[in-house]
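Colleague: Here you go, start-v2.txt (compact mmCIF, C-alpha atoms and all ligand atoms):
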```
# COMPACT_ATOMS: atom_id res chain seq x y z
CA MET A 121 23.02 -81.08 23.47
CA SER A 122 22.86 -81.16 19.66
CA VAL A 123 26.11 -81.01 17.69
CA GLN A 124 26.39 -78.08 15.29
CA PRO A 125 26.81 -79.27 11.69
CA LEU A 126 29.94 -78.33 9.79
CA ARG A 127 28.75 -76.13 6.91
CA VAL A 128 30.86 -76.53 3.77
CA GLY A 129 31.17 -74.08 0.89
CA VAL A 130 32.87 -75.24 -2.33
CA ILE A 131 34.48 -72.72 -4.67
CA GLY A 132 35.11 -74.17 -8.12
CA ALA A 133 32.92 -76.93 -9.60
CA GLY A 134 35.25 -78.22 -12.31
CA THR A 135 36.90 -81.64 -12.54
CA VAL A 136 37.55 -82.02 -8.79
CA GLY A 137 34.85 -79.76 -7.33
CA ARG A 138 31.98 -81.50 -9.08
CA GLU A 139 33.18 -84.88 -7.76
CA VAL A 140 33.21 -83.42 -4.24
CA VAL A 141 29.67 -82.13 -4.71
CA ARG A 142 28.56 -85.46 -6.18
CA ALA A 143 29.80 -87.23 -3.03
CA PHE A 144 27.72 -84.89 -0.86
CA LEU A 145 24.64 -85.51 -3.01
CA GLU A 146 25.02 -89.28 -3.27
CA ARG A 147 26.50 -90.42 0.06
CA SER A 148 26.25 -87.62 2.57
CA PRO A 149 25.54 -89.82 5.64
CA ARG A 150 28.68 -91.85 4.89
CA LEU A 151 30.78 -88.68 5.20
CA THR A 152 29.73 -87.88 8.74
CA PRO A 153 32.32 -89.22 11.18
CA ALA A 154 31.18 -91.20 14.20
CA ASP A 155 33.33 -88.99 16.42
CA GLY A 156 32.71 -85.59 14.83
CA ARG A 157 30.22 -83.07 13.52
CA PRO A 158 27.70 -83.86 10.77
CA ILE A 159 28.80 -82.33 7.46
CA VAL A 160 26.46 -80.36 5.20
CA LEU A 161 27.06 -78.69 1.86
CA VAL A 162 25.64 -75.16 1.99
CA GLY A 163 26.95 -73.43 -1.14
CA ILE A 164 28.89 -73.82 -4.38
CA ALA A 165 30.53 -70.95 -6.25
CA GLU A 166 31.29 -71.47 -9.93
CA LYS A 167 31.92 -68.95 -12.70
CA PHE A 168 30.38 -71.13 -15.42
CA THR A 169 26.98 -71.64 -13.82
CA GLU A 170 25.20 -73.11 -16.87
CA ARG A 171 27.90 -75.73 -17.37
CA ALA A 172 27.77 -76.53 -13.64
CA ILE A 173 24.00 -77.07 -13.76
CA ALA A 174 24.44 -79.28 -16.84
CA ASN A 175 26.99 -81.27 -14.80
CA GLY A 176 24.46 -81.93 -12.04
CA ILE A 177 25.29 -79.12 -9.61
CA PRO A 178 22.06 -78.15 -7.79
CA GLU A 179 20.98 -74.66 -8.89
CA SER A 180 19.64 -73.93 -5.40
CA LEU A 181 23.18 -74.07 -3.95
CA LEU A 182 24.92 -72.26 -6.81
CA THR A 183 26.37 -68.76 -6.93
CA ASP A 184 28.88 -67.10 -9.24
CA ALA A 185 30.35 -65.00 -6.40
CA PRO A 186 32.97 -66.95 -4.39
CA ALA A 187 34.06 -63.93 -2.31
CA HIS A 188 30.46 -63.43 -1.16
CA LEU A 189 30.16 -67.09 -0.22
CA ILE A 190 33.31 -66.79 1.93
CA ALA A 191 32.15 -63.53 3.54
CA SER A 192 28.54 -64.66 4.05
CA GLY A 193 29.15 -66.20 7.45
CA ASP A 194 27.33 -69.32 6.21
CA CYS A 195 30.43 -71.51 5.81
CA ASP A 196 32.49 -73.18 8.52
CA VAL A 197 34.88 -74.59 5.90
CA ILE A 198 35.84 -73.37 2.44
CA VAL A 199 36.86 -75.99 -0.13
CA GLU A 200 38.91 -74.46 -2.94
CA THR A 201 38.81 -76.54 -6.12
CA MET A 202 39.17 -73.72 -8.65
CA GLY A 203 42.86 -74.37 -9.34
CA GLY A 204 45.33 -71.91 -10.85
CA ASP A 205 46.83 -68.77 -9.38
CA GLU A 206 44.29 -65.95 -9.06
CA PRO A 207 41.64 -65.56 -7.86
CA ALA A 208 42.21 -68.83 -5.97
CA HIS A 209 45.14 -67.46 -3.94
CA THR A 210 43.33 -64.30 -2.85
CA LEU A 211 40.16 -66.21 -1.96
CA VAL A 212 42.01 -68.82 0.11
CA ALA A 213 43.97 -66.08 1.89
CA ALA A 214 40.73 -64.21 2.60
CA ALA A 215 39.14 -67.27 4.16
CA LEU A 216 42.18 -68.02 6.33
CA ALA A 217 42.43 -64.35 7.36
CA ALA A 218 38.79 -64.56 8.48
CA GLY A 219 39.67 -67.64 10.56
CA ILE A 220 37.73 -70.01 8.27
CA PRO A 221 39.37 -73.42 7.76
CA VAL A 222 40.33 -74.13 4.14
CA VAL A 223 40.71 -77.38 2.23
CA THR A 224 42.37 -77.07 -1.17
CA ALA A 225 43.43 -79.33 -4.02
CA ASN A 226 45.47 -76.49 -5.54
CA LYS A 227 49.14 -77.51 -5.65
CA HIS A 228 50.11 -74.30 -7.43
CA ILE A 229 49.03 -71.97 -4.63
CA VAL A 230 50.33 -74.26 -1.88
CA ALA A 231 53.76 -74.49 -3.54
CA HIS A 232 54.03 -70.82 -4.52
CA TYR A 233 52.39 -69.14 -1.52
CA GLY A 234 52.69 -71.90 1.08
CA ALA A 235 54.83 -70.01 3.57
CA GLY A 236 52.45 -67.02 3.59
CA LEU A 237 49.31 -69.15 3.74
CA GLU A 238 50.78 -71.22 6.57
CA ALA A 239 51.64 -68.06 8.49
CA LEU A 240 48.12 -66.74 7.90
CA ALA A 241 46.52 -69.97 9.14
CA ARG A 242 48.73 -70.01 12.23
CA ALA A 243 48.15 -66.29 12.99
CA ASN A 244 44.38 -66.74 12.74
CA ASN A 245 44.40 -70.02 14.64
CA THR A 246 42.69 -71.83 11.82
CA VAL A 247 43.19 -74.95 9.74
CA PHE A 248 44.71 -75.32 6.27
CA ARG A 249 44.57 -78.76 4.67
CA PHE A 250 45.86 -79.76 1.22
CA GLU A 251 46.11 -83.57 1.05
CA ALA A 252 44.72 -83.58 -2.52
CA ALA A 253 47.55 -81.35 -3.78
CA VAL A 254 50.03 -84.25 -4.06
CA GLY A 255 49.38 -87.84 -5.08
CA GLY A 256 45.66 -87.38 -5.78
CA GLY A 257 43.81 -90.02 -3.78
CA ILE A 258 46.90 -91.51 -2.11
CA PRO A 259 47.00 -90.71 1.62
CA LEU A 260 50.48 -89.22 1.57
CA LEU A 261 50.95 -85.81 3.19
CA GLY A 262 49.11 -86.73 6.39
CA PRO A 263 51.15 -89.92 6.89
CA ILE A 264 54.42 -88.04 6.25
CA ALA A 265 53.57 -85.21 8.65
CA GLN A 266 51.95 -87.31 11.32
CA ASP A 267 52.47 -91.07 11.17
CA LEU A 268 56.16 -90.66 10.24
CA ALA A 269 56.70 -87.64 12.49
CA ALA A 270 59.05 -89.47 14.84
CA ASN A 271 61.53 -90.11 12.01
CA ARG A 272 64.31 -87.99 10.53
CA ILE A 273 63.34 -87.98 6.86
CA THR A 274 66.36 -87.75 4.59
CA ARG A 275 64.82 -88.17 1.15
CA VAL A 276 61.45 -88.09 -0.54
CA ARG A 277 61.12 -88.92 -4.21
CA GLY A 278 58.48 -90.09 -6.55
CA ILE A 279 56.43 -90.19 -9.69
CA VAL A 280 53.98 -87.41 -8.91
CA ASN A 281 52.58 -86.52 -12.31
CA GLY A 282 50.13 -88.93 -13.90
CA THR A 283 50.09 -87.30 -17.34
CA THR A 284 53.83 -87.62 -17.96
CA ASN A 285 53.91 -91.11 -16.50
CA TYR A 286 51.18 -92.13 -18.90
CA MET A 287 53.16 -90.64 -21.78
CA LEU A 288 56.50 -92.23 -20.84
CA THR A 289 54.80 -95.59 -20.31
CA ALA A 290 53.16 -95.39 -23.76
CA MET A 291 56.44 -94.38 -25.41
CA ALA A 292 58.28 -97.32 -23.82
CA ARG A 293 55.58 -99.93 -24.49
CA GLU A 294 54.69 -98.98 -28.01
CA GLY A 295 57.82 -97.26 -29.34
CA ARG A 296 55.78 -94.18 -30.22
CA ASP A 297 57.12 -90.65 -30.25
CA TYR A 298 56.49 -87.81 -27.83
CA ALA A 299 54.09 -85.75 -29.99
CA GLU A 300 51.87 -88.74 -30.73
CA VAL A 301 51.49 -89.85 -27.10
CA LEU A 302 50.88 -86.25 -26.01
CA ARG A 303 47.98 -86.02 -28.48
CA GLU A 304 46.61 -89.29 -27.12
CA ALA A 305 46.95 -88.13 -23.48
CA GLN A 306 45.02 -84.98 -24.37
CA ALA A 307 42.33 -86.95 -26.21
CA LYS A 308 41.87 -89.20 -23.16
CA GLY A 309 41.57 -86.17 -20.90
CA TYR A 310 44.77 -86.85 -18.90
CA ALA A 311 46.76 -83.89 -20.22
CA GLU A 312 45.32 -80.40 -20.10
CA ALA A 313 44.55 -78.57 -23.38
CA ASP A 314 47.65 -76.56 -22.40
CA PRO A 315 49.87 -79.36 -21.08
CA THR A 316 52.91 -77.13 -20.38
CA ALA A 317 52.91 -77.51 -16.58
CA ASP A 318 52.72 -81.30 -16.84
CA VAL A 319 55.27 -81.95 -19.61
CA GLU A 320 57.77 -79.32 -18.46
CA GLY A 321 57.73 -80.79 -14.95
CA LEU A 322 56.32 -77.66 -13.29
CA ASP A 323 53.36 -79.53 -11.80
CA ALA A 324 55.80 -82.05 -10.31
CA VAL A 325 58.00 -79.18 -9.05
CA ASN A 326 55.00 -77.83 -7.12
CA LYS A 327 54.44 -81.25 -5.62
CA ILE A 328 58.05 -81.78 -4.51
CA VAL A 329 58.01 -78.33 -2.85
CA ILE A 330 54.99 -79.45 -0.81
CA LEU A 331 56.55 -82.82 0.00
CA ALA A 332 59.76 -81.09 1.11
CA ARG A 333 57.80 -78.83 3.48
CA LEU A 334 56.28 -81.84 5.19
CA ALA A 335 59.41 -83.98 5.11
CA PHE A 336 61.97 -81.34 6.11
CA GLY A 337 59.89 -78.61 7.76
CA THR A 338 60.87 -75.84 5.36
CA TRP A 339 59.38 -74.15 2.30
CA ILE A 340 61.65 -74.07 -0.75
CA ALA A 341 61.01 -71.86 -3.78
CA PRO A 342 59.59 -73.69 -6.83
CA GLU A 343 61.87 -71.59 -9.05
CA ALA A 344 64.89 -73.08 -7.26
CA VAL A 345 64.02 -76.64 -8.24
CA SER A 346 65.78 -77.82 -11.40
CA ASN A 347 63.44 -79.33 -14.00
CA ARG A 348 66.10 -79.98 -16.66
CA PRO A 349 68.42 -82.96 -17.09
CA GLY A 350 72.08 -82.42 -17.93
CA SER A 351 73.24 -82.64 -21.54
CA THR A 352 76.31 -83.55 -23.56
CA THR A 353 76.89 -79.88 -24.38
CA GLY A 354 77.08 -78.92 -20.72
CA ALA A 355 74.04 -76.68 -21.09
CA PRO A 356 70.91 -77.85 -19.27
CA GLY A 357 68.66 -80.12 -21.29
CA GLN A 358 65.05 -79.39 -22.20
CA PRO A 359 62.53 -79.00 -19.37
CA GLY A 360 60.64 -81.97 -17.98
CA ILE A 361 59.99 -84.69 -20.55
CA THR A 362 59.85 -82.33 -23.54
CA GLY A 363 63.27 -83.45 -24.82
CA VAL A 364 62.66 -87.19 -24.46
CA THR A 365 62.78 -88.89 -27.86
CA ALA A 366 61.66 -92.34 -29.05
CA GLU A 367 65.38 -93.07 -29.64
CA ASP A 368 66.21 -92.18 -26.02
CA VAL A 369 63.49 -94.51 -24.78
CA ALA A 370 64.73 -97.35 -27.04
CA ALA A 371 68.35 -96.83 -25.91
CA MET A 372 67.31 -97.04 -22.26
CA ALA A 373 65.27 -100.18 -22.96
CA ALA A 374 68.32 -101.83 -24.54
CA GLU A 375 70.06 -101.41 -21.17
CA GLY A 376 67.08 -102.75 -19.20
CA ARG A 377 66.05 -99.25 -18.10
CA THR A 378 63.00 -97.09 -18.55
CA LEU A 379 62.52 -93.33 -18.14
CA ARG A 380 60.32 -91.96 -15.37
CA LEU A 381 59.88 -88.30 -14.41
CA ILE A 382 61.14 -88.50 -10.83
CA ALA A 383 60.78 -85.61 -8.39
CA THR A 384 63.37 -85.78 -5.61
CA ALA A 385 64.16 -83.77 -2.49
CA VAL A 386 67.09 -84.70 -0.26
CA LEU A 387 68.14 -83.32 3.10
CA ALA A 388 71.92 -83.30 2.65
CA ASP A 389 74.35 -83.94 5.51
CA ASP A 390 75.24 -80.23 5.63
CA GLY A 391 71.57 -79.32 6.18
CA ALA A 392 71.06 -78.00 2.64
CA ILE A 393 68.24 -79.23 0.46
CA GLU A 394 68.80 -80.79 -2.93
CA ALA A 395 65.80 -80.94 -5.24
CA SER A 396 65.08 -81.69 -8.87
CA VAL A 397 62.43 -83.01 -11.23
CA VAL A 398 64.03 -84.81 -14.16
CA PRO A 399 63.48 -87.78 -16.43
CA THR A 400 65.41 -90.53 -14.67
CA ALA A 401 66.66 -93.86 -16.01
CA VAL A 402 65.37 -96.49 -13.59
CA PRO A 403 65.59 -100.29 -13.93
CA ALA A 404 62.53 -101.40 -15.91
CA ASN A 405 61.95 -104.10 -13.32
CA SER A 406 62.04 -101.80 -10.27
CA PRO A 407 59.09 -100.41 -8.29
CA PHE A 408 59.37 -97.09 -10.15
CA GLY A 409 59.87 -98.85 -13.50
CA ARG A 410 56.77 -100.95 -12.91
CA CYS A 411 54.68 -97.93 -11.85
CA ASP A 412 52.77 -97.50 -15.10
CA GLY A 413 50.26 -95.16 -16.67
CA VAL A 414 48.60 -92.48 -14.57
CA LEU A 415 49.65 -94.08 -11.26
CA ASN A 416 51.82 -92.14 -8.80
CA ARG A 417 54.43 -93.63 -6.47
CA VAL A 418 56.28 -91.84 -3.66
CA GLU A 419 59.08 -93.27 -1.52
CA VAL A 420 60.09 -91.75 1.80
CA ASP A 421 63.44 -92.63 3.38
CA GLY A 422 63.75 -91.95 7.08
CA LEU A 423 65.44 -92.95 10.27
CA PRO A 424 64.77 -95.20 12.01
CA VAL A 425 61.91 -96.45 9.82
CA GLY A 426 63.82 -97.12 6.57
CA ARG A 427 61.91 -96.82 3.29
CA VAL A 428 58.14 -96.38 3.17
CA ALA A 429 56.35 -96.37 -0.20
CA PHE A 430 52.98 -95.04 -1.29
CA GLU A 431 51.41 -95.93 -4.65
CA GLY A 432 47.99 -95.37 -6.17
CA PRO A 433 45.75 -93.15 -8.29
CA GLY A 434 47.50 -89.80 -8.47
CA ALA A 435 45.44 -87.94 -11.06
CA GLY A 436 41.82 -87.40 -11.96
CA GLY A 437 38.80 -85.75 -10.39
CA ALA A 438 37.56 -88.73 -8.41
CA ALA A 439 40.96 -89.46 -6.82
CA ALA A 440 41.56 -85.83 -5.84
CA ALA A 441 37.99 -85.52 -4.54
CA ALA A 442 38.58 -88.52 -2.25
CA ALA A 443 41.47 -86.65 -0.62
CA VAL A 444 39.47 -83.40 -0.38
CA LEU A 445 36.61 -85.25 1.31
CA SER A 446 39.02 -86.88 3.79
CA ASP A 447 40.31 -83.43 4.71
CA ILE A 448 36.73 -82.22 5.31
CA VAL A 449 36.06 -85.25 7.51
CA SER A 450 39.28 -84.52 9.44
CA ILE A 451 38.06 -80.98 10.13
CA ALA A 452 34.68 -82.35 11.25
CA ARG A 453 36.65 -84.51 13.69
CA GLY A 454 38.47 -81.47 15.06
CA LEU A 455 41.87 -82.28 13.55
CA GLY A 456 44.37 -79.57 12.59
CA SER A 457 46.34 -78.57 9.51
CA THR A 458 48.09 -80.94 7.09
CA TRP A 459 51.48 -80.13 8.65
CA GLY A 460 50.24 -81.48 11.98
CA GLY A 461 52.84 -81.02 14.67
CA ALA A 462 55.71 -80.74 12.18
CA PRO A 463 57.61 -77.60 13.15
CA ILE A 464 58.83 -74.98 10.69
CA VAL A 465 62.61 -75.15 10.48
CA ASP A 466 64.28 -71.81 9.83
CA ARG A 467 67.13 -72.68 7.47
CA GLY A 468 67.68 -69.05 6.49
CA ALA A 469 67.87 -67.96 2.86
CA GLN A 470 69.07 -71.28 1.53
CA ALA A 471 70.08 -72.18 -1.95
CA VAL A 472 68.51 -75.36 -3.25
CA ARG A 473 71.06 -77.53 -5.04
CA PRO A 474 70.25 -80.00 -7.83
CA VAL A 475 70.31 -83.60 -6.67
CA ALA A 476 73.80 -85.05 -7.14
CA GLY A 477 74.45 -88.40 -8.85
CA GLU A 478 75.67 -90.21 -11.96
CA CYS A 479 73.85 -89.96 -15.27
CA VAL A 480 73.56 -91.89 -18.51
CA MET A 481 73.97 -90.31 -21.98
CA ALA A 482 71.09 -90.68 -24.44
CA PRO A 483 70.96 -90.31 -28.27
CA SER A 484 69.24 -86.90 -27.97
CA GLY A 485 72.26 -85.55 -26.06
CA ALA A 486 70.41 -85.54 -22.73
CA CYS A 487 72.16 -86.95 -19.69
CA TYR A 488 69.53 -88.69 -17.56
CA PRO A 489 70.24 -89.37 -13.88
CA VAL A 490 70.42 -93.04 -12.99
CA GLY A 491 67.82 -94.12 -10.46
CA ASP A 492 67.17 -97.34 -8.60
N1 LIG B 1 47.95 -82.87 -14.17
C1 LIG B 1 48.15 -83.58 -12.95
C2 LIG B 1 48.77 -84.94 -13.25
C3 LIG B 1 46.86 -83.74 -12.22
O1 LIG B 1 48.78 -85.36 -14.41
O2 LIG B 1 49.28 -85.58 -12.33
C4 LIG B 1 46.99 -84.23 -10.79
O3 LIG B 1 47.67 -83.31 -9.98
```
Take the structure in this file and express it as structure tokens.
Modeller:
Amino acid sequence: MSVQPLRVGVIGAGTVGREVVRAFLERSPRLTPADGRPIVLVGIAEKFTERAIANGIPESLLTDAPAHLIASGDCDVIVETMGGDEPAHTLVAAALAAGIPVVTANKHIVAHYGAGLEALARANNTVFRFEAAVGGGIPLLGPIAQDLAANRITRVRGIVNGTTNYMLTAMAREGRDYAEVLREAQAKGYAEADPTADVEGLDAVNKIVILARLAFGTWIAPEAVSNRPGSTTGAPGQPGITGVTAEDVAAMAAEGRTLRLIATAVLADDGAIEASVVPTAVPANSPFGRCDGVLNRVEVDGLPVGRVAFEGPGAGGAAAAAAVLSDIVSIARGLGSTWGGAPIVDRGAQAVRPVAGECVMAPSGACYPVGD
């Protein structure tokens, strides 16, 4: 009996999508699992068709109508690499509602609509995978949800935004100011033309929401996660790394510390969740302090395992595409959603508290939490 191939449709052929397509074109046989269905690319939807063709996307597979590709009946899996809010959210929801498995790299829609999309996937008995949404190419969500499933996870924290880590590393190494390193990050293609979500910590907020779902079994609202450090005036400081000055970085260095944008989620003893994304003063010679440039690092604390750490390439099209492709292979092997067997925990309408802890005053007036 011949095995039916798994027919893949990709919607969005930008930074990540075109790397996914390139993998199909260049090493398709390598993608087929020994214990699963062969995988074939059957269609690519992209609004900017001329640019896509110039980037090597085969014209024969290309359409500018993603909704038609989903509704065509030709795809057994939809890969969403468009990014952003709409139409990505509606298209992913449509695929799941039709019972079509979805793989996405879109941290925004997973963080903001995760509860609804999870419910839709469960109601339609289909698969929703989003490994690429956090940590780029680092296998992270699967290991938390599955390999660490026997543990009680109490804290997950990490450097989950490559752009800001690149900027903070450059500021510390070269004594340069924020505006200058931002321009450089944009020139090198790390920061978006509109870098707001990166530098204000909103991208990292999305990622900690997703990590918290897998670690603690509950969806928290991105809006509830603090992205501002404290300040000497008592008012919250500026969002993300936007208030970090060259003087702050120098003052931290004088104390043997360096600033890293750390996203943290803690399951407190009373069952509440604490979460924040703030520049944090960590020892320069610590694993977080040594995690430089566009690398990501995530630490998971659990019982009985102790601390498990993941580090690697967290940003960029090739890294994210590697995670997308792994998710496709998992579906070809008959595996389920990213949350695996992790149950949903109904914690009611909970308030998310900022993460508690001591902080250190900086010349700008910001009060940065002290990390280890
Ligand atoms: N802008 C993101 C980052 C891309 O810099 O980490 C990867 O999610």
Colleague: Counting all atoms listed in the file, what are the residues of chain A within 7 Å of ligand LIG 1 (chain B), and for each of them which pair of atoms is the nearest and at what distance in Å, to one decimal? Sort the table by chain and rising number, as JSON lines.
Modeller:
```
{"residue": "A:Ala253", "atom": "CA", "partner": "B:LIG1", "partner_atom": "O3", "distance": 6.5}
{"residue": "A:Val254", "atom": "CA", "partner": "B:LIG1", "partner_atom": "O3", "distance": 6.4}
{"residue": "A:Gly255", "atom": "CA", "partner": "B:LIG1", "partner_atom": "O3", "distance": 6.9}
{"residue": "A:Gly256", "atom": "CA", "partner": "B:LIG1", "partner_atom": "C4", "distance": 6.1}
{"residue": "A:Val280", "atom": "CA", "partner": "B:LIG1", "partner_atom": "O2", "distance": 6.1}
{"residue": "A:Asn281", "atom": "CA", "partner": "B:LIG1", "partner_atom": "O2", "distance": 3.4}
{"residue": "A:Gly282", "atom": "CA", "partner": "B:LIG1", "partner_atom": "O2", "distance": 3.8}
{"residue": "A:Thr283", "atom": "CA", "partner": "B:LIG1", "partner_atom": "O1", "distance": 3.8}
{"residue": "A:Thr284", "atom": "CA", "partner": "B:LIG1", "partner_atom": "O1", "distance": 6.6}
{"residue": "A:Tyr310", "atom": "CA", "partner": "B:LIG1", "partner_atom": "O1", "distance": 6.2}
{"residue": "A:Ala311", "atom": "CA", "partner": "B:LIG1", "partner_atom": "N1", "distance": 6.2}
{"residue": "A:Glu312", "atom": "CA", "partner": "B:LIG1", "partner_atom": "N1", "distance": 6.9}
{"residue": "A:Asp318", "atom": "CA", "partner": "B:LIG1", "partner_atom": "N1", "distance": 5.7}
{"residue": "A:Asp323", "atom": "CA", "partner": "B:LIG1", "partner_atom": "C1", "distance": 6.7}
{"residue": "A:Gly434", "atom": "CA", "partner": "B:LIG1", "partner_atom": "O2", "distance": 6.0}
{"residue": "A:Ala435", "atom": "CA", "partner": "B:LIG1", "partner_atom": "C4", "distance": 4.0}
{"residue": "A:Gly436", "atom": "CA", "partner": "B:LIG1", "partner_atom": "C4", "distance": 6.2}
```
Colleague: Only C-alpha atoms, please: the residues just picked out, written as a PDB file, in the coordinates of the input.
Modeller:
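File out.pdb, as written:
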```pdb
ATOM      1  CA  ALA A 253      47.550 -81.350  -3.780  1.00  0.00           C
ATOM      2  CA  VAL A 254      50.030 -84.250  -4.060  1.00  0.00           C
ATOM      3  CA  GLY A 255      49.380 -87.840  -5.080  1.00  0.00           C
ATOM      4  CA  GLY A 256      45.660 -87.380  -5.780  1.00  0.00           C
ATOM      5  CA  VAL A 280      53.980 -87.410  -8.910  1.00  0.00           C
ATOM      6  CA  ASN A 281      52.580 -86.520 -12.310  1.00  0.00           C
ATOM      7  CA  GLY A 282      50.130 -88.930 -13.900  1.00  0.00           C
ATOM      8  CA  THR A 283      50.090 -87.300 -17.340  1.00  0.00           C
ATOM      9  CA  THR A 284      53.830 -87.620 -17.960  1.00  0.00           C
ATOM     10  CA  TYR A 310      44.770 -86.850 -18.900  1.00  0.00           C
ATOM     11  CA  ALA A 311      46.760 -83.890 -20.220  1.00  0.00           C
ATOM     12  CA  GLU A 312      45.320 -80.400 -20.100  1.00  0.00           C
ATOM     13  CA  ASP A 318      52.720 -81.300 -16.840  1.00  0.00           C
ATOM     14  CA  ASP A 323      53.360 -79.530 -11.800  1.00  0.00           C
ATOM     15  CA  GLY A 434      47.500 -89.800  -8.470  1.00  0.00           C
ATOM     16  CA  ALA A 435      45.440 -87.940 -11.060  1.00  0.00           C
ATOM     17  CA  GLY A 436      41.820 -87.400 -11.960  1.00  0.00           C
TER      18      GLY A 436
END
```
Colleague: If you count all atoms listed in the file, which residues fall within 6 Å of stretch 244-248 of chain A, apart from same-chain ones fewer than 5 positions away, as a PyMOL selection string?
Modeller: chain A and resi 219+221-222+456-457
Colleague: For A:Val199, find every residue with an atom within 9 Å (counting all atoms listed in the file), except residues of its own chain fewer than 5 positions away, and show them as a short mmCIF file (atom, residue, chain, number, x, y, z; two decimals) with C-alpha atoms, keeping the file's coordinate frame.
Modeller:
```
data_model
loop_
_atom_site.label_atom_id
_atom_site.label_comp_id
_atom_site.auth_asym_id
_atom_site.auth_seq_id
_atom_site.Cartn_x
_atom_site.Cartn_y
_atom_site.Cartn_z
CA VAL A 128 30.86 -76.53 3.77
CA GLY A 129 31.17 -74.08 0.89
CA VAL A 130 32.87 -75.24 -2.33
CA ILE A 131 34.48 -72.72 -4.67
CA GLY A 132 35.11 -74.17 -8.12
CA GLY A 137 34.85 -79.76 -7.33
CA VAL A 212 42.01 -68.82 0.11
CA PRO A 221 39.37 -73.42 7.76
CA VAL A 222 40.33 -74.13 4.14
CA VAL A 223 40.71 -77.38 2.23
CA THR A 224 42.37 -77.07 -1.17
CA ALA A 225 43.43 -79.33 -4.02
CA VAL A 444 39.47 -83.40 -0.38
CA ILE A 448 36.73 -82.22 5.31
#
```
Colleague: Write out, as JSON lines, each residue of stretch 452-492 of chain A that has an atom at most 7 Å from stretch 389-403 of chain A, together with the closest pair of atoms and their distance in Å to one decimal, counting only C-alpha atoms, rows going by chain and rising number.
Modeller:
```
{"residue": "A:Val472", "atom": "CA", "partner": "A:Ile393", "partner_atom": "CA", "distance": 5.4}
{"residue": "A:Arg473", "atom": "CA", "partner": "A:Glu394", "partner_atom": "CA", "distance": 4.5}
{"residue": "A:Pro474", "atom": "CA", "partner": "A:Glu394", "partner_atom": "CA", "distance": 5.2}
{"residue": "A:Val475", "atom": "CA", "partner": "A:Glu394", "partner_atom": "CA", "distance": 4.9}
{"residue": "A:Tyr488", "atom": "CA", "partner": "A:Thr400", "partner_atom": "CA", "distance": 5.4}
{"residue": "A:Pro489", "atom": "CA", "partner": "A:Thr400", "partner_atom": "CA", "distance": 5.0}
{"residue": "A:Val490", "atom": "CA", "partner": "A:Ala401", "partner_atom": "CA", "distance": 4.9}
{"residue": "A:Gly491", "atom": "CA", "partner": "A:Val402", "partner_atom": "CA", "distance": 4.6}
{"residue": "A:Asp492", "atom": "CA", "partner": "A:Val402", "partner_atom": "CA", "distance": 5.4}
```
Colleague: Restricting the output to C-alpha atoms, write the selected residues as a JSON list (two decimals), in the coordinates of the input.
Modeller:
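This went into selection22.json:
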```json
[["chain", "number", "residue", "atom", "x", "y", "z"],
["A", 472, "VAL", "CA", 68.51, -75.36, -3.25],
["A", 473, "ARG", "CA", 71.06, -77.53, -5.04],
["A", 474, "PRO", "CA", 70.25, -80.00, -7.83],
["A", 475, "VAL", "CA", 70.31, -83.60, -6.67],
["A", 488, "TYR", "CA", 69.53, -88.69, -17.56],
["A", 489, "PRO", "CA", 70.24, -89.37, -13.88],
["A", 490, "VAL", "CA", 70.42, -93.04, -12.99],
["A", 491, "GLY", "CA", 67.82, -94.12, -10.46],
["A", 492, "ASP", "CA", 67.17, -97.34, -8.60]]
```
Colleague: Restricting the calculation to all atoms listed in the file, which member of A:Ala355, A:Trp339, A:Leu261, A:Ala366 is positioned closest to A:Val301?
Modeller: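 Of A:Ala355, A:Trp339, A:Leu261, A:Ala366, the one nearest A:Val301 is A:Ala366, counting all atoms listed in the file.
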Colleague: Pick out the residues sitting within 10 Å of A:Leu126, and hand them over as a short mmCIF file (atom, residue, chain, number, x, y, z; two decimals) with C-alpha atoms, keeping the file's coordinate frame; count only C-alpha atoms, and ignore anything fewer than 4 positions along from it in its own chain.
Modeller:
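Dumped to around_28.cif:
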```
data_model
loop_
_atom_site.label_atom_id
_atom_site.label_comp_id
_atom_site.auth_asym_id
_atom_site.auth_seq_id
_atom_site.Cartn_x
_atom_site.Cartn_y
_atom_site.Cartn_z
CA THR A 152 29.73 -87.88 8.74
CA GLY A 156 32.71 -85.59 14.83
CA ARG A 157 30.22 -83.07 13.52
CA PRO A 158 27.70 -83.86 10.77
CA ILE A 159 28.80 -82.33 7.46
CA VAL A 160 26.46 -80.36 5.20
CA LEU A 161 27.06 -78.69 1.86
CA VAL A 162 25.64 -75.16 1.99
CA CYS A 195 30.43 -71.51 5.81
CA ASP A 196 32.49 -73.18 8.52
CA VAL A 197 34.88 -74.59 5.90
CA ILE A 448 36.73 -82.22 5.31
CA VAL A 449 36.06 -85.25 7.51
CA ILE A 451 38.06 -80.98 10.13
CA ALA A 452 34.68 -82.35 11.25
CA ARG A 453 36.65 -84.51 13.69
#
```
Colleague: To one decimal place, how far is atom CA of A:Thr201 from atom CA of A:Ala133 in Å?
Modeller: 6.9 Å
Colleague: Write out as an MDAnalysis selection string the residues lying within 7 Å of A:Ile229, counting all atoms listed in the file and excluding same-chain residues fewer than 5 positions away.
Modeller: chainID A and resid 205 209 234
Colleague: Any idea what the distance is between atom CA of A:Leu182 and atom CA of A:Ile164?
Modeller: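 Distance between the two atoms: 4.9 Å.
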Colleague: Could you check which of A:Gly337, A:Gly376, A:Gly363, A:Gly295 is closest to A:Ala269, using all atoms listed in the file?
Modeller: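 Closest candidate: A:Gly337.
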Colleague: For stretch 293-297 of chain A of the structure just presented, write C-alpha atoms to a file, as a compact mmCIF listing (two decimals), in the first residue's frame.
Modeller:
```txt
# COMPACT_ATOMS: atom_id res chain seq x y z
CA ARG A 293 31.48 46.18 24.32
CA GLU A 294 32.00 49.43 22.50
CA GLY A 295 30.55 52.06 24.84
CA ARG A 296 28.26 53.30 22.08
CA ASP A 297 24.87 54.85 22.64
```
